[in-house]
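S.K.: Got a file for you: structure-v1.cif, mmCIF, C-alpha atoms; chains and numbers go by the auth columns.
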data_start
#
loop_
_atom_site.group_PDB
_atom_site.id
_atom_site.type_symbol
_atom_site.label_atom_id
_atom_site.label_comp_id
_atom_site.label_asym_id
_atom_site.label_seq_id
_atom_site.Cartn_x
_atom_site.Cartn_y
_atom_site.Cartn_z
_atom_site.B_iso_or_equiv
_atom_site.auth_seq_id
_atom_site.auth_asym_id
ATOM 1 C CA MET A 1 21.213 -8.676 -4.614 0.00 276 Y
ATOM 2 C CA PHE A 2 22.883 -9.848 -1.436 0.00 277 Y
ATOM 3 C CA SER A 3 26.479 -9.452 -2.581 0.00 278 Y
ATOM 4 C CA ASN A 4 26.464 -5.822 -1.562 0.00 279 Y
ATOM 5 C CA LYS A 5 30.194 -5.211 -1.865 0.00 280 Y
ATOM 6 C CA ASN A 6 30.995 -2.420 -4.323 0.00 281 Y
ATOM 7 C CA LEU A 7 27.319 -1.463 -4.464 0.00 282 Y
ATOM 8 C CA THR A 8 25.977 1.871 -3.305 0.00 283 Y
ATOM 9 C CA ILE A 9 23.211 1.643 -0.753 0.00 284 Y
ATOM 10 C CA SER A 10 20.051 3.357 -1.986 0.00 285 Y
ATOM 11 C CA GLY A 11 18.129 2.937 1.236 0.00 286 Y
ATOM 12 C CA LYS A 12 16.933 0.558 3.899 0.00 287 Y
ATOM 13 C CA HIS A 13 13.752 -1.489 3.658 0.00 288 Y
ATOM 14 C CA MET A 14 12.166 -2.969 6.781 0.00 289 Y
ATOM 15 C CA ILE A 15 9.717 -5.820 6.183 0.00 290 Y
ATOM 16 C CA CYS A 16 7.636 -6.927 9.153 0.00 291 Y
ATOM 17 C CA ASP A 17 5.002 -9.610 9.474 0.00 292 Y
ATOM 18 C CA ILE A 18 3.479 -8.553 12.797 0.00 293 Y
ATOM 19 C CA LYS A 19 1.688 -11.467 14.434 0.00 294 Y
ATOM 20 C CA ASN A 20 -0.537 -12.249 17.384 0.00 295 Y
ATOM 21 C CA ILE A 21 -1.940 -8.721 17.620 0.00 296 Y
ATOM 22 C CA LYS A 22 -3.989 -8.286 20.765 0.00 297 Y
ATOM 23 C CA ASN A 23 -5.079 -4.646 20.279 0.00 298 Y
ATOM 24 C CA HIS A 24 -8.057 -5.499 18.068 0.00 299 Y
ATOM 25 C CA THR A 25 -9.566 -2.028 18.383 0.00 300 Y
ATOM 26 C CA LEU A 26 -6.517 -0.500 16.731 0.00 301 Y
ATOM 27 C CA LEU A 27 -6.396 -3.216 14.069 0.00 302 Y
ATOM 28 C CA HIS A 28 -9.844 -2.113 12.855 0.00 303 Y
ATOM 29 C CA ASP A 29 -9.287 1.654 13.141 0.00 304 Y
ATOM 30 C CA VAL A 30 -7.975 3.191 9.936 0.00 305 Y
ATOM 31 C CA ILE A 31 -7.928 6.703 11.444 0.00 306 Y
ATOM 32 C CA GLN A 32 -5.914 5.681 14.470 0.00 307 Y
ATOM 33 C CA ILE A 33 -3.415 3.675 12.390 0.00 308 Y
ATOM 34 C CA GLN A 34 -2.914 6.709 10.180 0.00 309 Y
ATOM 35 C CA GLU A 35 -2.387 8.860 13.262 0.00 310 Y
ATOM 36 C CA ILE A 36 0.376 6.478 14.320 0.00 311 Y
ATOM 37 C CA LEU A 37 1.983 6.623 10.871 0.00 312 Y
ATOM 38 C CA ASP A 38 1.662 10.427 10.839 0.00 313 Y
ATOM 39 C CA MET A 39 3.334 10.567 14.240 0.00 314 Y
ATOM 40 C CA ILE A 40 6.203 8.369 12.999 0.00 315 Y
ATOM 41 C CA CYS A 41 6.634 10.510 9.888 0.00 316 Y
ATOM 42 C CA GLU A 42 6.742 13.653 11.985 0.00 317 Y
ATOM 43 C CA LYS A 43 9.160 12.229 14.534 0.00 318 Y
ATOM 44 C CA TYR A 44 11.603 10.843 11.954 0.00 319 Y
ATOM 45 C CA ASN A 45 11.201 13.698 9.450 0.00 320 Y
ATOM 46 C CA TYR A 46 9.645 11.657 6.672 0.00 321 Y
ATOM 47 C CA THR A 47 7.733 13.949 4.310 0.00 322 Y
ATOM 48 C CA ILE A 48 4.300 12.620 3.310 0.00 323 Y
ATOM 49 C CA LEU A 49 3.542 13.396 -0.347 0.00 324 Y
ATOM 50 C CA GLY A 50 0.444 11.241 -0.750 0.00 325 Y
ATOM 51 C CA LYS A 51 -1.781 8.709 1.011 0.00 326 Y
ATOM 52 C CA LEU A 52 -3.978 5.878 -0.206 0.00 327 Y
ATOM 53 C CA GLU A 53 -6.262 3.721 1.866 0.00 328 Y
ATOM 54 C CA HIS A 54 -8.802 1.035 1.227 0.00 329 Y
ATOM 55 C CA GLN A 55 -11.089 -0.728 3.673 0.00 330 Y
ATOM 56 C CA PHE A 56 -12.026 -4.218 2.576 0.00 331 Y
ATOM 57 C CA GLU A 57 -15.366 -5.873 3.220 0.00 332 Y
ATOM 58 C CA PRO A 58 -16.035 -7.273 5.741 0.00 333 Y
ATOM 59 C CA ILE A 59 -12.667 -6.524 7.408 0.00 334 Y
ATOM 60 C CA GLY A 60 -9.070 -5.632 6.617 0.00 335 Y
ATOM 61 C CA MET A 61 -7.458 -2.529 5.228 0.00 336 Y
ATOM 62 C CA THR A 62 -4.500 -1.287 3.243 0.00 337 Y
ATOM 63 C CA ILE A 63 -2.804 2.040 3.912 0.00 338 Y
ATOM 64 C CA MET A 64 -0.016 3.354 1.701 0.00 339 Y
ATOM 65 C CA TYR A 65 2.063 6.493 2.224 0.00 340 Y
ATOM 66 C CA LEU A 66 4.115 7.942 -0.578 0.00 341 Y
ATOM 67 C CA LEU A 67 7.040 9.660 1.093 0.00 342 Y
ATOM 68 C CA SER A 68 9.668 12.002 -0.191 0.00 343 Y
ATOM 69 C CA GLU A 69 12.002 9.333 1.233 0.00 344 Y
ATOM 70 C CA SER A 70 10.202 6.333 -0.458 0.00 345 Y
ATOM 71 C CA HIS A 71 7.155 4.629 1.092 0.00 346 Y
ATOM 72 C CA ILE A 72 5.288 2.941 3.927 0.00 347 Y
ATOM 73 C CA SER A 73 2.610 0.272 3.461 0.00 348 Y
ATOM 74 C CA ILE A 74 0.375 -1.554 5.910 0.00 349 Y
ATOM 75 C CA HIS A 75 -1.968 -4.437 5.123 0.00 350 Y
ATOM 76 C CA THR A 76 -4.126 -5.648 8.018 0.00 351 Y
ATOM 77 C CA PHE A 77 -5.681 -9.101 8.323 0.00 352 Y
ATOM 78 C CA PRO A 78 -7.792 -8.824 11.501 0.00 353 Y
ATOM 79 C CA GLU A 79 -9.092 -12.378 11.067 0.00 354 Y
ATOM 80 C CA LYS A 80 -5.500 -13.550 11.540 0.00 355 Y
ATOM 81 C CA ASN A 81 -4.529 -10.948 14.193 0.00 356 Y
ATOM 82 C CA PHE A 82 -1.884 -9.953 11.703 0.00 357 Y
ATOM 83 C CA LEU A 83 -0.534 -7.022 9.743 0.00 358 Y
ATOM 84 C CA ALA A 84 2.152 -6.718 7.099 0.00 359 Y
ATOM 85 C CA LEU A 85 4.254 -3.562 7.359 0.00 360 Y
ATOM 86 C CA ASP A 86 6.893 -2.205 4.979 0.00 361 Y
ATOM 87 C CA ILE A 87 8.984 0.883 5.540 0.00 362 Y
ATOM 88 C CA TYR A 88 11.445 1.796 2.823 0.00 363 Y
ATOM 89 C CA THR A 89 13.409 5.024 3.029 0.00 364 Y
ATOM 90 C CA CYS A 90 16.438 6.330 1.200 0.00 365 Y
ATOM 91 C CA ARG A 91 17.862 7.694 4.449 0.00 366 Y
ATOM 92 C CA GLU A 92 21.531 6.941 4.950 0.00 367 Y
ATOM 93 C CA TYR A 93 21.155 5.400 8.381 0.00 368 Y
ATOM 94 C CA PRO A 94 24.463 4.096 9.739 0.00 369 Y
ATOM 95 C CA ASN A 95 22.664 1.157 11.378 0.00 370 Y
ATOM 96 C CA ASN A 96 19.196 -0.293 12.012 0.00 371 Y
ATOM 97 C CA ASP A 97 18.525 1.539 15.275 0.00 372 Y
ATOM 98 C CA THR A 98 15.924 3.961 13.889 0.00 373 Y
ATOM 99 C CA TYR A 99 13.946 1.198 12.204 0.00 374 Y
ATOM 100 C CA LEU A 100 14.123 -0.988 15.313 0.00 375 Y
ATOM 101 C CA GLU A 101 12.792 1.922 17.351 0.00 376 Y
ATOM 102 C CA ILE A 102 9.891 2.341 14.898 0.00 377 Y
ATOM 103 C CA TYR A 103 9.289 -1.416 14.877 0.00 378 Y
ATOM 104 C CA ASN A 104 9.156 -1.595 18.664 0.00 379 Y
ATOM 105 C CA PHE A 105 6.809 1.390 18.802 0.00 380 Y
ATOM 106 C CA ILE A 106 4.392 -0.201 16.307 0.00 381 Y
ATOM 107 C CA VAL A 107 4.527 -3.647 17.903 0.00 382 Y
ATOM 108 C CA GLY A 108 3.879 -1.998 21.264 0.00 383 Y
ATOM 109 C CA ALA A 109 0.901 -0.028 19.924 0.00 384 Y
ATOM 110 C CA PHE A 110 -0.653 -3.186 18.474 0.00 385 Y
ATOM 111 C CA ASP A 111 0.325 -5.312 21.493 0.00 386 Y
ATOM 112 C CA ALA A 112 1.814 -7.949 19.217 0.00 387 Y
ATOM 113 C CA ASP A 113 4.583 -10.535 19.331 0.00 388 Y
ATOM 114 C CA VAL A 114 8.064 -9.048 19.201 0.00 389 Y
ATOM 115 C CA GLU A 115 10.172 -10.726 16.531 0.00 390 Y
ATOM 116 C CA GLU A 116 13.304 -9.664 14.749 0.00 391 Y
ATOM 117 C CA PRO A 117 12.201 -7.539 11.799 0.00 392 Y
ATOM 118 C CA PHE A 118 13.829 -8.184 8.446 0.00 393 Y
ATOM 119 C CA ILE A 119 15.820 -5.116 7.376 0.00 394 Y
ATOM 120 C CA MET A 120 17.608 -5.116 4.037 0.00 395 Y
ATOM 121 C CA ASN A 121 19.721 -2.618 2.176 0.00 396 Y
ATOM 122 C CA ARG A 122 18.458 -1.570 -1.232 0.00 397 Y
ATOM 123 C CA SER A 123 21.293 -0.819 -3.635 0.00 398 Y
ATOM 124 C CA PHE A 124 21.866 1.089 -6.868 0.00 399 Y
ATOM 125 C CA MET B 1 10.667 -14.527 9.890 0.00 178 E
ATOM 126 C CA PHE B 2 12.709 -16.975 7.869 0.00 179 E
ATOM 127 C CA SER B 3 11.831 -20.082 9.852 0.00 180 E
ATOM 128 C CA ASN B 4 8.685 -20.539 7.839 0.00 181 E
ATOM 129 C CA LYS B 5 7.805 -24.021 9.049 0.00 182 E
ATOM 130 C CA ASN B 6 4.398 -24.179 10.680 0.00 183 E
ATOM 131 C CA LEU B 7 3.579 -20.688 9.436 0.00 184 E
ATOM 132 C CA THR B 8 0.820 -19.923 6.980 0.00 185 E
ATOM 133 C CA ILE B 9 1.961 -18.072 3.900 0.00 186 E
ATOM 134 C CA SER B 10 0.103 -14.783 3.528 0.00 187 E
ATOM 135 C CA GLY B 11 1.592 -13.925 0.154 0.00 188 E
ATOM 136 C CA LYS B 12 4.739 -13.494 -1.869 0.00 189 E
ATOM 137 C CA HIS B 13 6.774 -10.310 -2.004 0.00 190 E
ATOM 138 C CA MET B 14 9.229 -9.671 -4.849 0.00 191 E
ATOM 139 C CA ILE B 15 11.867 -7.036 -4.190 0.00 192 E
ATOM 140 C CA CYS B 16 13.945 -5.906 -7.158 0.00 193 E
ATOM 141 C CA ASP B 17 16.728 -3.379 -7.429 0.00 194 E
ATOM 142 C CA ILE B 18 16.828 -3.019 -11.212 0.00 195 E
ATOM 143 C CA LYS B 19 20.185 -1.668 -12.339 0.00 196 E
ATOM 144 C CA ASN B 20 21.964 -0.418 -15.444 0.00 197 E
ATOM 145 C CA ILE B 21 18.747 0.652 -17.171 0.00 198 E
ATOM 146 C CA LYS B 22 19.418 1.607 -20.782 0.00 199 E
ATOM 147 C CA ASN B 23 15.860 2.617 -21.792 0.00 200 E
ATOM 148 C CA HIS B 24 16.143 6.174 -20.464 0.00 201 E
ATOM 149 C CA THR B 25 13.022 7.326 -22.289 0.00 202 E
ATOM 150 C CA LEU B 26 10.905 4.874 -20.321 0.00 203 E
ATOM 151 C CA LEU B 27 12.647 5.705 -17.063 0.00 204 E
ATOM 152 C CA HIS B 28 11.414 9.312 -17.378 0.00 205 E
ATOM 153 C CA ASP B 29 7.897 8.515 -18.628 0.00 206 E
ATOM 154 C CA VAL B 30 5.374 8.191 -15.806 0.00 207 E
ATOM 155 C CA ILE B 31 2.513 7.508 -18.223 0.00 208 E
ATOM 156 C CA GLN B 32 4.311 4.704 -20.019 0.00 209 E
ATOM 157 C CA ILE B 33 5.448 3.078 -16.750 0.00 210 E
ATOM 158 C CA GLN B 34 1.843 3.126 -15.545 0.00 211 E
ATOM 159 C CA GLU B 35 0.749 1.559 -18.828 0.00 212 E
ATOM 160 C CA ILE B 36 3.190 -1.272 -18.181 0.00 213 E
ATOM 161 C CA LEU B 37 1.896 -1.731 -14.630 0.00 214 E
ATOM 162 C CA ASP B 38 -1.697 -1.599 -15.880 0.00 215 E
ATOM 163 C CA MET B 39 -0.869 -4.256 -18.475 0.00 216 E
ATOM 164 C CA ILE B 40 0.687 -6.485 -15.796 0.00 217 E
ATOM 165 C CA CYS B 41 -2.333 -6.043 -13.522 0.00 218 E
ATOM 166 C CA GLU B 42 -4.679 -6.938 -16.361 0.00 219 E
ATOM 167 C CA LYS B 43 -2.658 -9.959 -17.464 0.00 220 E
ATOM 168 C CA TYR B 44 -2.286 -11.420 -13.958 0.00 221 E
ATOM 169 C CA ASN B 45 -5.723 -10.390 -12.707 0.00 222 E
ATOM 170 C CA TYR B 46 -4.572 -7.963 -10.056 0.00 223 E
ATOM 171 C CA THR B 47 -7.378 -5.530 -9.226 0.00 224 E
ATOM 172 C CA ILE B 48 -6.242 -1.902 -8.968 0.00 225 E
ATOM 173 C CA LEU B 49 -8.069 -0.087 -6.148 0.00 226 E
ATOM 174 C CA GLY B 50 -5.989 3.092 -6.088 0.00 227 E
ATOM 175 C CA LYS B 51 -2.932 4.781 -7.560 0.00 228 E
ATOM 176 C CA LEU B 52 -0.498 7.365 -6.257 0.00 229 E
ATOM 177 C CA GLU B 53 2.298 9.020 -8.175 0.00 230 E
ATOM 178 C CA HIS B 54 4.796 11.759 -7.555 0.00 231 E
ATOM 179 C CA GLN B 55 7.332 13.259 -9.920 0.00 232 E
ATOM 180 C CA PHE B 56 10.348 14.648 -8.135 0.00 233 E
ATOM 181 C CA GLU B 57 12.297 17.715 -9.237 0.00 234 E
ATOM 182 C CA PRO B 58 14.433 17.625 -11.276 0.00 235 E
ATOM 183 C CA ILE B 59 14.060 13.887 -11.973 0.00 236 E
ATOM 184 C CA GLY B 60 12.794 10.664 -10.427 0.00 237 E
ATOM 185 C CA MET B 61 9.339 9.420 -9.646 0.00 238 E
ATOM 186 C CA THR B 62 7.390 7.154 -7.328 0.00 239 E
ATOM 187 C CA ILE B 63 4.355 5.184 -8.431 0.00 240 E
ATOM 188 C CA MET B 64 2.276 3.141 -5.978 0.00 241 E
ATOM 189 C CA TYR B 65 -0.646 0.860 -6.786 0.00 242 E
ATOM 190 C CA LEU B 66 -2.989 -0.290 -4.077 0.00 243 E
ATOM 191 C CA LEU B 67 -4.262 -3.674 -5.215 0.00 244 E
ATOM 192 C CA SER B 68 -7.013 -5.893 -3.980 0.00 245 E
ATOM 193 C CA GLU B 69 -4.163 -8.420 -3.720 0.00 246 E
ATOM 194 C CA SER B 70 -1.746 -6.041 -1.813 0.00 247 E
ATOM 195 C CA HIS B 71 0.523 -3.539 -3.623 0.00 248 E
ATOM 196 C CA ILE B 72 3.091 -2.548 -6.222 0.00 249 E
ATOM 197 C CA SER B 73 5.622 0.265 -5.804 0.00 250 E
ATOM 198 C CA ILE B 74 8.224 1.720 -8.131 0.00 251 E
ATOM 199 C CA HIS B 75 10.829 4.336 -7.265 0.00 252 E
ATOM 200 C CA THR B 76 12.988 5.553 -10.154 0.00 253 E
ATOM 201 C CA PHE B 77 16.441 7.096 -9.837 0.00 254 E
ATOM 202 C CA PRO B 78 17.267 8.113 -13.435 0.00 255 E
ATOM 203 C CA GLU B 79 20.572 9.669 -12.366 0.00 256 E
ATOM 204 C CA LYS B 80 21.640 6.165 -11.316 0.00 257 E
ATOM 205 C CA ASN B 81 19.928 4.286 -14.206 0.00 258 E
ATOM 206 C CA PHE B 82 18.082 2.486 -11.455 0.00 259 E
ATOM 207 C CA LEU B 83 14.631 1.669 -10.180 0.00 260 E
ATOM 208 C CA ALA B 84 13.390 -0.090 -7.055 0.00 261 E
ATOM 209 C CA LEU B 85 10.377 -2.320 -7.627 0.00 262 E
ATOM 210 C CA ASP B 86 8.210 -4.151 -5.089 0.00 263 E
ATOM 211 C CA ILE B 87 5.338 -6.467 -5.903 0.00 264 E
ATOM 212 C CA TYR B 88 3.514 -8.009 -2.977 0.00 265 E
ATOM 213 C CA THR B 89 0.401 -10.094 -3.559 0.00 266 E
ATOM 214 C CA CYS B 90 -1.554 -12.471 -1.388 0.00 267 E
ATOM 215 C CA ARG B 91 -1.906 -14.894 -4.289 0.00 268 E
ATOM 216 C CA GLU B 92 -1.231 -18.501 -3.377 0.00 269 E
ATOM 217 C CA TYR B 93 1.312 -19.127 -6.107 0.00 270 E
ATOM 218 C CA PRO B 94 2.793 -22.628 -5.907 0.00 271 E
ATOM 219 C CA ASN B 95 6.189 -21.280 -7.032 0.00 272 E
ATOM 220 C CA ASN B 96 7.937 -18.103 -8.214 0.00 273 E
ATOM 221 C CA ASP B 97 7.233 -18.558 -11.937 0.00 274 E
ATOM 222 C CA THR B 98 4.641 -15.776 -12.227 0.00 275 E
ATOM 223 C CA TYR B 99 6.843 -13.252 -10.475 0.00 276 E
ATOM 224 C CA LEU B 100 9.861 -14.276 -12.540 0.00 277 E
ATOM 225 C CA GLU B 101 7.796 -13.786 -15.676 0.00 278 E
ATOM 226 C CA ILE B 102 6.802 -10.291 -14.488 0.00 279 E
ATOM 227 C CA TYR B 103 10.392 -9.545 -13.507 0.00 280 E
ATOM 228 C CA ASN B 104 11.728 -10.565 -16.899 0.00 281 E
ATOM 229 C CA PHE B 105 9.062 -8.514 -18.655 0.00 282 E
ATOM 230 C CA ILE B 106 9.937 -5.373 -16.668 0.00 283 E
ATOM 231 C CA VAL B 107 13.693 -5.827 -16.998 0.00 284 E
ATOM 232 C CA GLY B 108 13.178 -6.332 -20.739 0.00 285 E
ATOM 233 C CA ALA B 109 11.060 -3.187 -21.060 0.00 286 E
ATOM 234 C CA PHE B 110 13.698 -1.107 -19.255 0.00 287 E
ATOM 235 C CA ASP B 111 16.592 -2.864 -21.018 0.00 288 E
ATOM 236 C CA ALA B 112 18.318 -3.445 -17.685 0.00 289 E
ATOM 237 C CA ASP B 113 20.676 -5.985 -16.142 0.00 290 E
ATOM 238 C CA VAL B 114 19.032 -9.322 -15.413 0.00 291 E
ATOM 239 C CA GLU B 115 19.700 -10.425 -11.837 0.00 292 E
ATOM 240 C CA GLU B 116 17.981 -12.906 -9.593 0.00 293 E
ATOM 241 C CA PRO B 117 15.104 -11.044 -7.946 0.00 294 E
ATOM 242 C CA PHE B 118 14.594 -11.524 -4.220 0.00 295 E
ATOM 243 C CA ILE B 119 11.251 -13.236 -3.591 0.00 296 E
ATOM 244 C CA MET B 120 10.139 -13.895 -0.036 0.00 297 E
ATOM 245 C CA ASN B 121 7.082 -15.451 1.513 0.00 298 E
ATOM 246 C CA ARG B 122 5.102 -13.248 3.880 0.00 299 E
ATOM 247 C CA SER B 123 3.498 -15.231 6.683 0.00 300 E
ATOM 248 C CA PHE B 124 0.674 -14.883 9.172 0.00 301 E
#
What do you get writing this file as structure tokens?

M.R.:
Amino acid sequence: MFSNKNLTISGKHMICDIKNIKNHTLLHDVIQIQEILDMICEKYNYTILGKLEHQFEPIGMTIMYLLSESHISIHTFPEKNFLALDIYTCREYPNNDTYLEIYNFIVGAFDADVEEPFIMNRSF
Amino acid sequence: MFSNKNLTISGKHMICDIKNIKNHTLLHDVIQIQEILDMICEKYNYTILGKLEHQFEPIGMTIMYLLSESHISIHTFPEKNFLALDIYTCREYPNNDTYLEIYNFIVGAFDADVEEPFIMNRSF
């Protein structure tokens, strides 16, 4: 998978384990998290074709967006001040700048530790 | 993200770019692909909490499963004999055997090239 020479890139997948979240209000607010994802989709022209969400008892949620461009998923673990984020799009970005911008926006919103997100090419 | 020492594993994420698919009938059959995913969820005790699907025109589909254990996504690109599969669960598997078993089952069903799937630990 990592010997990408001679392979056609089918998209970029950003995988983020976002830690040490200090905005606990946001971490528990499914509506507000969806507003943030909606805002990102609008700004970067990702077309939302479907949404799924589930709120776990007593805490934690999963939100999934089916995009024309692939998908976004978020799993929150408020008891760990943590969320797992995936953004996979088939956009032919020349570099990681757009994803890094989205990453920094989300980490800022959640007031979390800034780390280097893992961004990989998916290939046909 | 890759310096996993001292971090708690929050789950395992398998990322597969499945290439050179020769079972074209299956690649176009949203019902049959969901039957395969349902079978996997039943066999490995993944609890399905929601499903999303979209069939693109003229071809290609996305299927997303929201699991109690995290998620599964499939994006098919029949024109490339390709599909992109993600399985992320918060199961505390001691090794990759279960995922490799699932991978081999799916690659077998689609009659595709066997490669080494990329399996990463997600961490709190």

S.K.: Tell me, in Å to one decimal, how far CA of Leu375 in chain Y is from CA of Cys193 in chain E.

M.R.: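 About the pair CA of Leu375 in chain Y and CA of Cys193 in chain E: they are 23.0 Å apart.
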
S.K.: Counting all atoms listed in the file, figure out which residue out of E:Tyr276, E:Phe233, E:Phe282, E:Tyr265 gets nearest to Met216 in chain E.

M.R.: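 Smallest distance to Met216 in chain E is found for E:Phe282.
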
S.K.: If the cut-off is 9 Å, can you tell me the residues of chain E near chain Y, counting all atoms listed in the file? I'd like them as number ranges by chain.

M.R.: E: 178-179, 193-197, 226-231, 233, 239-245, 247-248, 250, 252, 254, 257-261, 292-295, 299-301

S.K.: Name the residues that the PyMOL selection byres ((chain Y and resi 384) around 10) pulls out of this structure, and write them as a list in words.

M.R.: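 So the PyMOL selection byres ((chain Y and resi 384) around 10) ends up selecting Ile296, Lys297, Asn298, Leu301, Leu302, Ile308, Ile311, Tyr378, Asn379, Phe380, Ile381, Val382, Gly383, Phe385, Asp386 and Ala387 of chain Y.
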
S.K.: List as a PyMOL selection string the residues having at least one atom at most 6 Å from position (6.1, 8.7, -13.3) as given in the file, counting all atoms listed in the file.

M.R.: chain E and resi 206-207+232+238

S.K.: Rounded to one decimal place, report the CA of Thr322 in chain Y-CA of Ile306 in chain Y distance in Å.

M.R.: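 Computed distance, CA of Thr322 in chain Y to CA of Ile306 in chain Y, equals 18.7 Å.
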
S.K.: When you draw a straight line from CA of Arg366 in chain Y to CA of Ile225 in chain E, how long is it in Å?

M.R.: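 Between CA of Arg366 in chain Y and CA of Ile225 in chain E the gap works out to 29.2 Å.
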
S.K.: Contacts of Met289 in chain Y at 6 Å or less, counting all atoms listed in the file, minus same-chain residues fewer than 3 places along, as number ranges by chain?

M.R.: Y: 361-362, 393-394

S.K.: Is it possible to add N, CA and C atoms to range 234-252 of chain E and hand it back as a PDB file, keeping the file's coordinate frame?

M.R.:
ATOM      1  N   GLU E 234      11.510  16.737  -8.487  1.00  0.00           N
ATOM      2  CA  GLU E 234      12.297  17.715  -9.237  1.00  0.00           C
ATOM      3  C   GLU E 234      13.758  17.528  -8.899  1.00  0.00           C
ATOM      4  N   PRO E 235      14.677  17.501  -9.838  1.00  0.00           N
ATOM      5  CA  PRO E 235      14.433  17.625 -11.276  1.00  0.00           C
ATOM      6  C   PRO E 235      14.024  16.301 -11.944  1.00  0.00           C
ATOM      7  N   ILE E 236      14.384  15.172 -11.350  1.00  0.00           N
ATOM      8  CA  ILE E 236      14.060  13.887 -11.973  1.00  0.00           C
ATOM      9  C   ILE E 236      13.727  12.864 -10.892  1.00  0.00           C
ATOM     10  N   GLY E 237      13.140  11.751 -11.343  1.00  0.00           N
ATOM     11  CA  GLY E 237      12.794  10.664 -10.427  1.00  0.00           C
ATOM     12  C   GLY E 237      11.308  10.670 -10.142  1.00  0.00           C
ATOM     13  N   MET E 238      10.767   9.491  -9.964  1.00  0.00           N
ATOM     14  CA  MET E 238       9.339   9.420  -9.646  1.00  0.00           C
ATOM     15  C   MET E 238       9.053   8.226  -8.742  1.00  0.00           C
ATOM     16  N   THR E 239       7.928   8.291  -8.076  1.00  0.00           N
ATOM     17  CA  THR E 239       7.390   7.154  -7.328  1.00  0.00           C
ATOM     18  C   THR E 239       5.987   6.879  -7.832  1.00  0.00           C
ATOM     19  N   ILE E 240       5.703   5.605  -8.052  1.00  0.00           N
ATOM     20  CA  ILE E 240       4.355   5.184  -8.431  1.00  0.00           C
ATOM     21  C   ILE E 240       3.955   4.072  -7.461  1.00  0.00           C
ATOM     22  N   MET E 241       2.762   4.180  -6.886  1.00  0.00           N
ATOM     23  CA  MET E 241       2.276   3.141  -5.978  1.00  0.00           C
ATOM     24  C   MET E 241       0.883   2.706  -6.421  1.00  0.00           C
ATOM     25  N   TYR E 242       0.673   1.419  -6.472  1.00  0.00           N
ATOM     26  CA  TYR E 242      -0.646   0.860  -6.786  1.00  0.00           C
ATOM     27  C   TYR E 242      -1.155   0.110  -5.565  1.00  0.00           C
ATOM     28  N   LEU E 243      -2.328   0.481  -5.121  1.00  0.00           N
ATOM     29  CA  LEU E 243      -2.989  -0.290  -4.077  1.00  0.00           C
ATOM     30  C   LEU E 243      -3.862  -1.327  -4.786  1.00  0.00           C
ATOM     31  N   LEU E 244      -3.550  -2.580  -4.553  1.00  0.00           N
ATOM     32  CA  LEU E 244      -4.262  -3.674  -5.215  1.00  0.00           C
ATOM     33  C   LEU E 244      -5.191  -4.381  -4.242  1.00  0.00           C
ATOM     34  N   SER E 245      -6.203  -4.990  -4.785  1.00  0.00           N
ATOM     35  CA  SER E 245      -7.013  -5.893  -3.980  1.00  0.00           C
ATOM     36  C   SER E 245      -6.126  -6.991  -3.394  1.00  0.00           C
ATOM     37  N   GLU E 246      -5.058  -7.318  -4.106  1.00  0.00           N
ATOM     38  CA  GLU E 246      -4.163  -8.420  -3.720  1.00  0.00           C
ATOM     39  C   GLU E 246      -2.969  -7.954  -2.882  1.00  0.00           C
ATOM     40  N   SER E 247      -2.754  -6.687  -2.678  1.00  0.00           N
ATOM     41  CA  SER E 247      -1.746  -6.041  -1.813  1.00  0.00           C
ATOM     42  C   SER E 247      -1.202  -4.782  -2.492  1.00  0.00           C
ATOM     43  N   HIS E 248       0.044  -4.788  -3.009  1.00  0.00           N
ATOM     44  CA  HIS E 248       0.523  -3.539  -3.623  1.00  0.00           C
ATOM     45  C   HIS E 248       1.701  -3.725  -4.580  1.00  0.00           C
ATOM     46  N   ILE E 249       1.898  -2.686  -5.367  1.00  0.00           N
ATOM     47  CA  ILE E 249       3.091  -2.548  -6.222  1.00  0.00           C
ATOM     48  C   ILE E 249       3.664  -1.155  -5.957  1.00  0.00           C
ATOM     49  N   SER E 250       4.992  -1.063  -5.874  1.00  0.00           N
ATOM     50  CA  SER E 250       5.622   0.265  -5.804  1.00  0.00           C
ATOM     51  C   SER E 250       6.824   0.306  -6.726  1.00  0.00           C
ATOM     52  N   ILE E 251       7.031   1.478  -7.300  1.00  0.00           N
ATOM     53  CA  ILE E 251       8.224   1.720  -8.131  1.00  0.00           C
ATOM     54  C   ILE E 251       8.796   3.069  -7.733  1.00  0.00           C
ATOM     55  N   HIS E 252      10.101   3.083  -7.477  1.00  0.00           N
ATOM     56  CA  HIS E 252      10.829   4.336  -7.265  1.00  0.00           C
ATOM     57  C   HIS E 252      11.928   4.395  -8.317  1.00  0.00           C
TER      58      HIS E 252
END
